[in-house]
Every structure is written in structure tokens, then in C-alpha cells.
file start-v3.txt (compact mmCIF, C-alpha atoms)
# COMPACT_ATOMS: atom_id res chain seq x y z
CA MET A 1 5.58 151.26 -9.60
CA HIS A 2 8.00 153.30 -11.73
CA MET A 3 7.57 156.23 -9.32
CA ILE A 4 8.42 154.25 -6.16
CA PHE A 5 11.90 155.74 -5.68
CA ARG A 6 10.69 159.32 -6.15
CA THR A 7 7.86 158.59 -3.72
CA MET A 8 10.25 157.23 -1.09
CA MET A 9 12.57 160.23 -1.52
CA ILE A 10 9.84 162.82 -1.06
CA PHE A 11 8.68 161.15 2.16
CA ILE A 12 12.28 160.89 3.43
CA LYS A 13 12.88 164.60 2.69
CA LYS A 14 9.56 165.64 4.30
CA ARG A 15 10.96 166.59 7.70
CA PHE A 16 13.73 168.73 6.21
CA LEU A 17 11.54 170.91 3.98
CA LYS A 18 11.23 174.63 4.55
CA LYS A 19 7.76 175.44 5.89
CA SER A 20 5.38 177.59 3.87
CA LEU A 21 2.00 179.22 4.20
CA MET A 22 -1.11 177.76 2.60
CA ASN A 23 -1.14 180.16 -0.35
CA ASP A 24 2.62 180.25 -0.96
CA LYS A 25 3.98 179.00 -4.25
CA THR A 26 6.19 175.95 -3.73
CA GLU A 27 8.63 174.37 -6.12
CA ILE A 28 10.57 171.16 -6.54
CA THR A 29 13.28 170.24 -9.00
CA MET A 30 13.39 166.87 -10.71
CA ARG A 31 15.08 165.21 -13.66
CA VAL A 32 13.46 163.24 -16.49
CA MET A 33 14.24 159.54 -16.03
CA PRO A 34 14.08 156.75 -18.63
CA THR A 35 10.88 155.39 -17.05
CA ASP A 36 9.16 158.74 -17.73
CA LEU A 37 9.48 158.42 -21.51
CA ASP A 38 7.17 157.13 -24.20
CA PHE A 39 8.11 155.71 -27.61
CA LEU A 40 8.72 159.21 -28.97
CA TRP A 41 11.47 159.70 -26.34
CA HIS A 42 9.80 162.52 -24.46
CA VAL A 43 7.86 162.52 -21.19
CA ASN A 44 4.65 160.56 -21.60
CA ASN A 45 1.55 162.73 -21.25
CA GLY A 46 0.22 160.59 -18.39
CA VAL A 47 3.50 160.85 -16.50
CA TYR A 48 3.04 164.61 -16.16
CA PHE A 49 0.02 163.93 -13.92
CA SER A 50 2.10 161.60 -11.73
CA LEU A 51 4.86 164.22 -11.49
CA MET A 52 2.24 166.80 -10.50
CA ASP A 53 1.35 164.57 -7.53
CA PHE A 54 4.89 165.11 -6.19
CA GLY A 55 4.47 168.87 -6.44
CA ARG A 56 1.21 168.73 -4.49
CA TRP A 57 2.71 166.41 -1.85
CA ASP A 58 5.64 168.78 -1.43
CA MET A 59 3.20 171.68 -1.03
CA ILE A 60 1.02 169.96 1.60
CA PHE A 61 4.11 168.77 3.51
CA ARG A 62 5.39 172.35 3.62
CA ASN A 63 2.11 174.13 4.46
CA GLY A 64 1.07 171.68 7.21
CA VAL A 65 -2.02 170.28 5.48
CA PHE A 66 -0.59 166.74 5.37
CA ASP A 67 0.07 166.61 9.13
CA GLU A 68 -3.36 168.03 9.97
CA CYS A 69 -5.03 165.52 7.66
CA MET A 70 -3.20 162.64 9.33
CA LYS A 71 -4.33 163.86 12.78
CA ARG A 72 -7.96 164.27 11.72
CA GLY A 73 -8.40 161.23 9.48
CA TRP A 74 -8.75 163.25 6.28
CA TYR A 75 -7.25 162.73 2.85
CA SER A 76 -7.29 164.60 -0.43
CA VAL A 77 -8.42 163.33 -3.81
CA VAL A 78 -8.08 164.76 -7.28
CA ALA A 79 -11.57 165.48 -8.57
CA ALA A 80 -10.41 166.67 -12.01
CA GLU A 81 -7.29 167.78 -13.79
CA THR A 82 -6.22 169.12 -17.14
CA ILE A 83 -2.93 170.06 -18.73
CA LYS A 84 -1.66 172.14 -21.63
CA PHE A 85 1.66 171.21 -23.21
CA LYS A 86 3.92 173.82 -24.81
CA LYS A 87 7.19 171.92 -25.32
CA SER A 88 8.47 168.44 -24.57
CA LEU A 89 10.61 167.43 -21.65
CA GLU A 90 13.20 164.89 -22.78
CA LEU A 91 15.55 162.35 -21.22
CA TRP A 92 17.76 163.76 -18.44
CA ASP A 93 16.21 167.23 -18.65
CA LYS A 94 16.28 168.97 -15.29
CA PHE A 95 13.01 170.76 -14.63
CA ARG A 96 11.27 172.75 -11.94
CA LEU A 97 7.64 172.21 -10.96
CA GLU A 98 5.88 175.17 -9.36
CA THR A 99 2.70 174.46 -7.41
CA HIS A 100 0.30 177.04 -6.10
CA ILE A 101 -3.27 177.21 -4.87
CA LEU A 102 -5.23 179.64 -7.01
CA GLY A 103 -8.14 179.62 -4.59
CA HIS A 104 -11.16 177.60 -3.54
CA ASP A 105 -14.90 177.43 -3.37
CA GLU A 106 -16.90 175.70 -0.62
CA LYS A 107 -15.95 172.21 -1.82
CA TYR A 108 -12.76 172.34 -3.93
CA PHE A 109 -9.28 173.78 -3.98
CA PHE A 110 -8.03 174.85 -7.42
CA ILE A 111 -4.31 174.35 -7.94
CA GLN A 112 -2.07 175.48 -10.77
CA GLN A 113 1.14 173.61 -11.55
CA LYS A 114 3.78 174.75 -14.04
CA PHE A 115 6.72 172.82 -15.48
CA PHE A 116 9.82 174.89 -16.34
CA LYS A 117 13.06 173.87 -18.02
CA LYS A 118 15.39 176.65 -16.88
CA THR A 119 13.12 179.68 -17.44
CA GLU A 120 11.08 178.20 -20.30
CA LEU A 121 7.49 177.16 -19.58
CA MET A 122 7.00 173.58 -20.77
CA ALA A 123 3.49 172.72 -19.52
CA THR A 124 0.75 174.04 -17.24
CA GLY A 125 -1.70 171.90 -15.29
CA LEU A 126 -4.86 172.80 -13.41
CA VAL A 127 -6.11 170.49 -10.67
CA LYS A 128 -9.35 170.44 -8.69
CA VAL A 129 -8.89 168.80 -5.26
CA ARG A 130 -11.29 168.01 -2.45
CA PHE A 131 -10.90 166.45 0.98
CA LEU A 132 -12.70 163.42 2.39
CA LYS A 133 -12.95 161.76 5.80
CA ARG A 134 -11.60 158.22 6.19
CA LYS A 135 -14.75 157.28 8.09
CA GLY A 136 -16.95 158.70 5.34
CA GLY A 137 -18.12 162.14 4.41
CA THR A 138 -16.57 165.28 3.05
CA VAL A 139 -14.43 168.04 4.49
CA SER A 140 -15.21 171.61 3.46
CA THR A 141 -12.45 173.91 2.30
CA LYS A 142 -13.29 176.12 5.27
CA GLU A 143 -12.49 173.23 7.66
CA VAL A 144 -9.14 172.62 5.96
CA LEU A 145 -8.23 176.30 6.11
CA GLU A 146 -9.21 176.50 9.79
CA ALA A 147 -7.10 173.40 10.56
CA VAL A 148 -3.96 175.08 9.23
CA GLN A 149 -4.97 178.58 10.37
CA ALA A 150 -4.98 179.96 6.82
CA GLU A 151 -6.99 182.81 5.40
CA GLU A 152 -9.88 182.22 3.05
CA THR A 153 -9.37 183.09 -0.58
CA ASN A 154 -11.68 183.08 -3.55
CA VAL A 155 -11.20 181.78 -7.10
CA GLY A 156 -13.56 184.25 -8.63
CA GLU A 157 -14.64 183.02 -12.03
CA LEU A 158 -12.52 179.84 -12.13
CA SER A 159 -14.91 177.73 -10.05
CA GLY A 160 -17.92 178.64 -12.17
CA GLU A 161 -16.01 178.23 -15.44
CA TRP A 162 -14.73 174.79 -14.42
CA MET A 163 -18.19 173.62 -13.34
CA ALA A 164 -19.76 174.93 -16.56
CA MET A 165 -17.18 173.09 -18.67
CA GLU A 166 -17.81 169.84 -16.79
CA ALA A 167 -21.57 170.25 -17.16
CA LYS A 168 -21.19 170.80 -20.90
CA TYR A 169 -18.71 168.04 -21.75
CA PHE A 170 -19.02 165.36 -19.05
CA SER A 171 -22.16 163.50 -18.16

call {"tool": "encode", "arguments": {"input": "start-v3.txt", "output": "C-alpha cells"}}
result
Amino acid sequence: MHMIFRTMMIFIKKRFLKKSLMNDKTEITMRVMPTDLDFLWHVNNGVYFSLMDFGRWDMIFRNGVFDECMKRGWYSVVAAETIKFKKSLELWDKFRLETHILGHDEKYFFIQQKFFKKTELMATGLVKVRFLKRKGGTVSTKEVLEAVQAEETNVGELSGEWMAMEAKYFS
């Protein structure tokens, strides 16, 4: 609920956003609000994941994936995510969130998101996303790319490394 105003704003701004290509890096600027803080007066670790949602929404609004998903009855879900913190964001800090698709395999898109305060890197997140059909079933990355007329890319080692890590540490 604490993200309701940011959510409303991103949907209001949707139609005015500059369009981008599927593999373009997108960025949004936000400010740390009191509701983002924990008892240590910096952004709560869980809030970073919520803020990353806004970066991915901005990206799919700009590259046309959101509109195509609405037409086709598809939606995206986060299958896994991880983050590495370097420095804390604190109350009223203005920061920039860069979002960019590193690549994909047959099932998942791999997205990198970076938080910057001015030019200083504050945190980096990696997200694994897949698409599902509202009526049941999955959507391949190839289908998503064809829907937005984007070129196929490859993540090289990242897909295998991520899957190996999950196999080792998650049952």
C-alpha cells in the first residue's frame, strides 16, 4: 500500500514516455520517501525490490511489451531476483534506476537493474522474468520478442550459471 502513489504516477505518465527498443537501457528517477525507510533510517532491503518493479514497468511501457501483453492476455512474473548492496540510500536522496535486459533463454528474460545516486553505484539487482497466459500456460521468450518485433539475443553463461546456483541452493 505504501507504493500506491508511485504506482498511480507511473501509470498516469505511461502515455507520455519516450518509446524505446526491447534491448535499450531505460532509466527513471525517484526520491527516497519516509515510507521507504527501516529503523536504521535507510531504504529497507525489501523496498529495493518494489522500486525495481517500477523500473521494469517503465521499461515494458516504453518498449511496447506491456501493450502487447494486454492485447494477448499475457502477463509477466518474477521467477527469481537477487541484489547486491554497495551503499545505502537515505531519506530524500534522489536516485536513478537503470533497467536493461541482459538477454534471455527459451523461457526467461534476465534483467539487470542498477541504483545510482548521482554517478555513484548504490546497488545492483538481477531479475529472472517469465511470461504466462491468463488462460493458463506459458509464453516463450521467442513469442514475446516476435510480438514486439525485437531481435533475439543470448545471455551466454548467465542462464546456465543462474540455473546451477538454484539447483545447488534451492530445493

call {"tool": "residues_around", "arguments": {"input": "start-v3.txt", "residues": "range 35-52 of chain A", "least_positions_apart": "6", "cutoff": "8 Å", "atoms": "all atoms listed in the file", "output": "PyMOL selection string"}}
result
chain A and resi 2+88-91+97+113

call {"tool": "closest_residue", "arguments": {"input": "start-v3.txt", "among": "A:Glu157, A:Glu152, A:Glu106, A:Glu68", "to": "Arg130 in chain A", "atoms": "only C-alpha atoms"}}
result
A:Glu106

call {"tool": "residues_around", "arguments": {"input": "start-v3.txt", "residues": "Val139 in chain A", "least_positions_apart": "5", "cutoff": "9 Å", "atoms": "all atoms listed in the file", "output": "list in words"}}
result
Trp74, Lys107, Arg130, Phe131, Leu132, Lys133 and Val144 of chain A

call {"tool": "atom_distance", "arguments": {"input": "start-v3.txt", "atom1": "CA of Ile12 in chain A", "atom2": "CA of Thr26 in chain A"}}
result
17.8 Å

call {"tool": "residues_around", "arguments": {"input": "start-v3.txt", "residues": "Glu27 in chain A", "least_positions_apart": "6", "cutoff": "8 Å", "atoms": "all atoms listed in the file", "output": "list in words"}}
result
Gly55, Asp58, Met59, Arg96, Leu97, Glu98 and Thr99 of chain A

call {"tool": "write_last_selection", "arguments": {"input": "start-v3.txt", "atoms": "C-alpha atoms", "output": "PDB file, keeping the file's coordinate frame"}}
result
ATOM      1  CA  GLY A  55       4.470 168.870  -6.440  1.00  0.00           C
ATOM      2  CA  ASP A  58       5.640 168.780  -1.430  1.00  0.00           C
ATOM      3  CA  MET A  59       3.200 171.680  -1.030  1.00  0.00           C
ATOM      4  CA  ARG A  96      11.270 172.750 -11.940  1.00  0.00           C
ATOM      5  CA  LEU A  97       7.640 172.210 -10.960  1.00  0.00           C
ATOM      6  CA  GLU A  98       5.880 175.170  -9.360  1.00  0.00           C
ATOM      7  CA  THR A  99       2.700 174.460  -7.410  1.00  0.00           C
TER       8      THR A  99
END

call {"tool": "atom_distance", "arguments": {"input": "start-v3.txt", "atom1": "CA of Lys19 in chain A", "atom2": "CA of Glu146 in chain A"}}
result
17.4 Å

call {"tool": "closest_residue", "arguments": {"input": "start-v3.txt", "among": "A:Thr7, A:Tyr108, A:Glu143, A:Val127", "to": "Arg72 in chain A", "atoms": "all atoms listed in the file"}}
result
A:Glu143

call {"tool": "decode", "arguments": {"input": "start-v3.txt", "residues": "range 55-76 of chain A", "atoms": "C-alpha atoms", "output": "PDB file, in the first residue's frame"}}
result
ATOM      1  CA  GLY A  55      11.924   0.295 -13.369  1.00  0.00           C
ATOM      2  CA  ARG A  56      10.648  -2.825 -15.129  1.00  0.00           C
ATOM      3  CA  TRP A  57       7.183  -1.303 -15.635  1.00  0.00           C
ATOM      4  CA  ASP A  58       8.759   1.797 -17.137  1.00  0.00           C
ATOM      5  CA  MET A  59      10.816  -0.409 -19.456  1.00  0.00           C
ATOM      6  CA  ILE A  60       7.862  -2.513 -20.685  1.00  0.00           C
ATOM      7  CA  PHE A  61       5.720   0.616 -21.149  1.00  0.00           C
ATOM      8  CA  ARG A  62       8.457   2.141 -23.310  1.00  0.00           C
ATOM      9  CA  ASN A  63       9.371  -0.947 -25.379  1.00  0.00           C
ATOM     10  CA  GLY A  64       5.762  -1.958 -26.126  1.00  0.00           C
ATOM     11  CA  VAL A  65       5.751  -5.248 -24.213  1.00  0.00           C
ATOM     12  CA  PHE A  66       3.017  -4.067 -21.816  1.00  0.00           C
ATOM     13  CA  ASP A  67       0.595  -3.158 -24.622  1.00  0.00           C
ATOM     14  CA  GLU A  68       1.235  -6.422 -26.480  1.00  0.00           C
ATOM     15  CA  CYS A  69       0.691  -8.416 -23.289  1.00  0.00           C
ATOM     16  CA  MET A  70      -2.624  -6.667 -22.664  1.00  0.00           C
ATOM     17  CA  LYS A  71      -3.782  -7.471 -26.223  1.00  0.00           C
ATOM     18  CA  ARG A  72      -2.765 -11.130 -25.986  1.00  0.00           C
ATOM     19  CA  GLY A  73      -3.773 -11.929 -22.413  1.00  0.00           C
ATOM     20  CA  TRP A  74      -0.201 -12.365 -21.172  1.00  0.00           C
ATOM     21  CA  TYR A  75       1.484 -11.144 -18.017  1.00  0.00           C
ATOM     22  CA  SER A  76       4.978 -11.278 -16.603  1.00  0.00           C
TER      23      SER A  76
END
